[in-house]
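Have a look at the structure below before the remarks.
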Amino acid sequence: MKLRLFVLCCFCFVSAFAQNGEDDLYLYDNFGRVSGDNIFKTDGYFNWGSSIIKEREGKYHLFYSRWKKQYGFHGWLTHSEIAHATSKSPAGPWKYKETVLRGSGQGNWDAITAHNPKIKYFEGKYYLYYIGTNMGGKDYTDGELVETAKTGYSHPNWKILRPNQRTGVAVSNSLNGPWTRMDKPLVEPSGPIGTLTVNPAIDKGKDGKYYLIIRG
């Protein structure tokens with residue numbers, strides 16, 4: 001039954017079609033009309049990979065990846081940052097508040113990009129899980145990263161940056177920061193996982209243990 005419900009939900013969203021202009025979509029079944037207020041856009045940026053949490057006072061906080069369109073869509077691997085937006089409703093409208101994480105600079109595991117966030121609240125603190133990458137000890141320039149983004153998969157650097165992706169976490173007492181990053185990634189490749197460890201999903205089980213699911 002749960003699987004059927006999931007498939008049905010996916011089908012309903014896929015069945016959406018544009019109506020009355022690009023900012024108005026009509027979703028079939030029971031979703032009703034989605035207006036421009038429900039669509040979060042940022043001029044000049046691609047927005048991607050959102051994670052939402054509700055504050056005790058009732059405000060909703062959206063953490064998401066974004067990167068400038070000038071780098072092309074492949075810029076997610078080279079120029080992504082994690083931004084923070086807020087709303088009074090989980091359906092929006094959302095207002096950009098700040099950028100909270102970027103690549104931390106050469107020499108670090110997350111030197112290049114902060115991407116695919118997952119925001120969680122555990123035991124009085126907020127945990128912002130994310131992925132980053134590095135050039136494997138190789139020096140690089142900003143221009144080289146731009147070239148990599150615009151070339152995409154065929155650029156030699158892609159074969160370095162992609163496998164070096166790891167999952168890490170930043171911690172804060174407040175959704176408004178400041179955020180303290182961990183010096184090392186949470187998990188390295190091992191066993192059947194030979195390269196990247198990305199796209200975290202985490203929760204606390206009834207047994208009191210924390211369970212982290214990643215892609216590898």
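Chain lettering (A, B, ...) mirrors the order of the structure tokens, residue numbering begins at 1 for each chain separately, and ligand numbering begins at 1 in order of display.
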Determine, counting only C-alpha atoms, which protein, DNA and RNA residues have an atom within 7 Å of an atom of Ser87 of chain A; residues of the same chain fewer than 5 positions away are not included. Present the result as an mmCIF file with N, CA, C and O atoms, in the first residue's frame.
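Now in out24.cif:
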data_model
loop_
_atom_site.group_PDB
_atom_site.id
_atom_site.type_symbol
_atom_site.label_atom_id
_atom_site.label_comp_id
_atom_site.auth_asym_id
_atom_site.auth_seq_id
_atom_site.Cartn_x
_atom_site.Cartn_y
_atom_site.Cartn_z
ATOM 1 N N LYS A 59 7.727 29.620 12.066
ATOM 2 C CA LYS A 59 8.319 29.971 10.777
ATOM 3 C C LYS A 59 8.979 28.746 10.159
ATOM 4 O O LYS A 59 9.502 27.883 10.849
ATOM 5 N N TYR A 60 8.948 28.683 8.833
ATOM 6 C CA TYR A 60 9.575 27.580 8.109
ATOM 7 C C TYR A 60 10.908 28.044 7.515
ATOM 8 O O TYR A 60 11.025 29.174 7.016
ATOM 9 N N HIS A 61 11.880 27.152 7.554
ATOM 10 C CA HIS A 61 13.217 27.463 7.050
ATOM 11 C C HIS A 61 13.591 26.473 5.953
ATOM 12 O O HIS A 61 13.509 25.265 6.145
ATOM 13 N N GLY A 92 5.294 28.316 0.765
ATOM 14 C CA GLY A 92 5.785 29.605 0.310
ATOM 15 C C GLY A 92 4.728 30.696 0.467
ATOM 16 O O GLY A 92 3.648 30.444 1.010
ATOM 17 N N PRO A 93 5.057 31.911 0.018
ATOM 18 C CA PRO A 93 6.271 32.282 -0.713
ATOM 19 C C PRO A 93 7.515 32.311 0.179
ATOM 20 O O PRO A 93 7.418 32.595 1.372
ATOM 21 N N TRP A 94 8.664 32.015 -0.431
ATOM 22 C CA TRP A 94 9.938 31.989 0.275
ATOM 23 C C TRP A 94 10.729 33.249 0.010
ATOM 24 O O TRP A 94 10.689 33.804 -1.083
ATOM 25 N N LYS A 95 11.457 33.687 1.026
ATOM 26 C CA LYS A 95 12.314 34.863 0.899
ATOM 27 C C LYS A 95 13.748 34.479 1.238
ATOM 28 O O LYS A 95 14.028 33.959 2.320
#
Sorted by chain and rising residue number, which residues of segment 63-123 of chain A lie within 9 Å of segment 189-202 of chain A, and what are their closest atom pairs and distances in Å to one decimal, counting only C-alpha atoms, as JSON lines?
{"residue": "A:His115", "atom": "CA", "partner": "A:Asn199", "partner_atom": "CA", "distance": 8.7}
{"residue": "A:Asn116", "atom": "CA", "partner": "A:Asn199", "partner_atom": "CA", "distance": 6.3}
{"residue": "A:Pro117", "atom": "CA", "partner": "A:Pro200", "partner_atom": "CA", "distance": 8.0}
{"residue": "A:Lys118", "atom": "CA", "partner": "A:Ala201", "partner_atom": "CA", "distance": 6.9}
{"residue": "A:Lys120", "atom": "CA", "partner": "A:Ile202", "partner_atom": "CA", "distance": 8.0}
Could the residues in this selection be saved with N, CA and C atoms as a tab-separated table (two decimals), in the first residue's frame?
chain	number	residue	atom	x	y	z
A	115	HIS	N	26.72	21.40	-1.17
A	115	HIS	CA	25.64	20.98	-2.06
A	115	HIS	C	24.72	19.99	-1.35
A	116	ASN	N	23.50	19.86	-1.85
A	116	ASN	CA	22.50	18.88	-1.39
A	116	ASN	C	22.34	18.84	0.13
A	117	PRO	N	21.82	19.91	0.73
A	117	PRO	CA	21.70	19.96	2.19
A	117	PRO	C	20.55	19.12	2.73
A	118	LYS	N	20.70	18.73	3.98
A	118	LYS	CA	19.62	18.07	4.74
A	118	LYS	C	19.67	18.66	6.14
A	120	LYS	N	18.41	18.95	10.05
A	120	LYS	CA	17.78	18.13	11.09
A	120	LYS	C	17.99	18.79	12.45
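Minimum atom-to-atom distance to Thr180 of chain A, evaluated using only C-alpha atoms, belongs to A:Leu128 out of A:Ile119, A:Leu62, A:Leu128, A:Ala149.
Across A:Pro90, A:Gly136, A:Pro163, A:Pro185, the tightest approach to Ile52 of chain A is made by A:Pro90 when counting only C-alpha atoms.
Between atom CA of Lys138 of chain A and atom CA of Glu188 of chain A there is a distance of 19.5 Å.
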All alpha helix (DSSP H) residues (DSSP, backbone) inside segment 82-196 of chain A, as JSON, numbers by chain: {"A": [142, 143, 144, 145, 146, 147, 148, 149, 150, 151, 158, 159, 160, 161]}
Counting only C-alpha atoms, figure out which residue out of A:Met182, A:Ile82, A:Ala170, A:Leu145 gets nearest to Arg66 of chain A. A:Ile82
Could you write out, as a ChimeraX atom specification, all the residues of segment 23-115 of chain A that DSSP marks as strand (DSSP E)? /A:25-27,32-34,45-54,60-68,81-87,95-101,112-115
Could you name the residues that touch Gly152 of chain A at 9 Å or less, counting only C-alpha atoms, but leaving out those on the same chain fewer than 2 positions away, as a PyMOL selection string? chain A and resi 72-75+147-150+154-155+158
